[in-house]
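Participant: So that we are looking at the same thing, I have put the structure below in structure tokens.
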Amino acid sequence: MKQMPPQQPIPPRKGAAYMRMSTEHQKYSVENQLIAITDYATRYGIELVKEYIDDGKSGLTIGGRPALQQLIKDVESGNPGYDMILVLDITRWGRFQDSDESAHHEFCCRRAGVSIEYVGEQFANDGSVGADLIKSVKRVMAKETSRELSAKVFRGQCTLIGYGFRQGGSAGYGLQRMMINEQREPKGILKRTERKSLQTDRVILVPGSEDQIEIARWVYRVFTEKKMEESLIADDLNRRGIKTDLGREWTRSAVHGLLTNEKYIGNNVYNRYSCKLKKKTVKNPPEEWVRKDGAFEPIIEPRYFFAAQEIIRERNRKFSDEELLDKLRKLQERQGWLSGIIIDEADDMPSSTAYQHRFGSLLRAYELIGYTPFTDYRYIEINRKLRQLHTDIVKDTIGKIEAIGGSVRTEPQTDLLIINDELKISLVLCRCQETQSLAYRWHIRLDAGLQPDITIVVRMDAKNEKPLDYYLLPALDIENPCRRIAEHNGRALDTYRFDNLEAFFLLTERVAIPEAA
């Protein structure tokens, strides 16, 4: 009897392990996650070829998680060396506050041919309706757990503030962090970067060195009594070789911070700024601050502190238009010329941003006081108007396409309009320029790298106030991405010229098949 050749052993599947631990609980330690993942791999014949570890990283966003970023980069490279990623559970992949973000990162892996296996979950991640439903629910649960934990931590921190305990941050110039036990007995001074040793220990602020205390008091005296400005105080301290508590040179903002923080008169204030769940930092109104007055031993007399606040308040009060212009006029007379930097560096002036908001632009404020910059900055004003007009034209275009039954979405990275998931459209505004011979020219710069199907070029009128006409330039007919055009350009180019965009809207209109037939 003829012998059958021996069967070749099936090579094991290759997988990568992803592990993440913040500071939540010992059960989520990297070691425990790796044990669970290794047991799963052994049970199902999977060879672990790589490990990705984000240790001490929050799962709220992908930012700050270099291992997950590298994992996705490896997967999308097309040859990561494995065909599956093993993760303990949904929460280790992330507690994203937008559950679609979690699904997006998983989809990126799956699209590249790499599946995700949640080894500790009670469902198979096989793409079935049941699995997708359970994943969606668990992602929302993970998000809500983070929200509840954030609220719980915030309430606990507010309670500790009420007891007079310091919550994070450096002590500040002239102050030190003292660690105390449950009986409020001192345990020692914490140096910079040092943390308390036990969970039951607390931190309070105590006066620092006599030299620093005397310098802090000097800053308050010269600011309130001699009306010495913050920038001059900083220059004086730097000239004397005095460093901040962080070992840095003094700046205007560093001096301003010393003059405005209530911890120097012994008050414990919290929640002036908040950045919850990795969102944008916001400045909270005073009624939302959490405070405990008289929590620490003060190093500045209250009369000096409140005198300083009155000076700063008076300087920052809401000025009338005429008061703002009068200050700008006096600064110009004093300096001889004006710029945004000069305005921002002047201690007795509102910021340049305040002038922009109040008058529309710095150039408009200059015009109102009769000041003409040495450089012609008219192009800045024109470009500002063009940016706003570009936004308006895009919104109007999207509205009209949707009104005739089309769909439009915008690519955030490129600002391309994707119409009906078929056409890629780029919209370019061209500023009108006058030549020495009093002729008008428009310089078109097309970004060929974006590869739009059609580029809509909007030619502005002579005053750059409104559109003159429109060119619809198909990608197939565009050879030179940069060119200057005149008022009349011949049939080769003006064939694509239109007085409005109605012809373009007809291109995007959906037509039913029977009707077309």
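We label chains A, B, ... in the order they appear in the structure tokens, count residues from 1 in each chain, and number ligands from 1 in the order shown.
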What's around A:Thr397 at 12 Å? Count only C-alpha atoms, leave out sequence neighbours fewer than 3 positions away in its own chain, and write the answer as number ranges by chain.

Facilitator: A: 390-394, 400-404, 406-410, 417-419, 425-427, 456, 500-502, 504-505, 508

Participant: Please report, as a PyMOL selection string, each residue of stretch 225-412 of chain A to which DSSP assigns alpha helix (DSSP H) when run on this structure's backbone.

Facilitator: chain A and resi 230-239+252-260+302-316+321-335+340-345+352-359+362-368+378-403

Participant: Step one, run DSSP on the backbone; step two, keep only residues of stretch 78-183 of chain A assigned to strand (DSSP E or B); then write them as JSON, numbers by chain.

Facilitator: {"A": [84, 85, 86, 87, 115, 116, 117, 118, 175, 176, 177, 178, 179, 180]}

Participant: From the options A:Arg252, A:Lys73, A:Arg147, A:Lys226, which residue's atoms come nearest to A:Ala346, counting only C-alpha atoms?

Facilitator: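 Distance minimum relative to A:Ala346 lands on A:Arg252.
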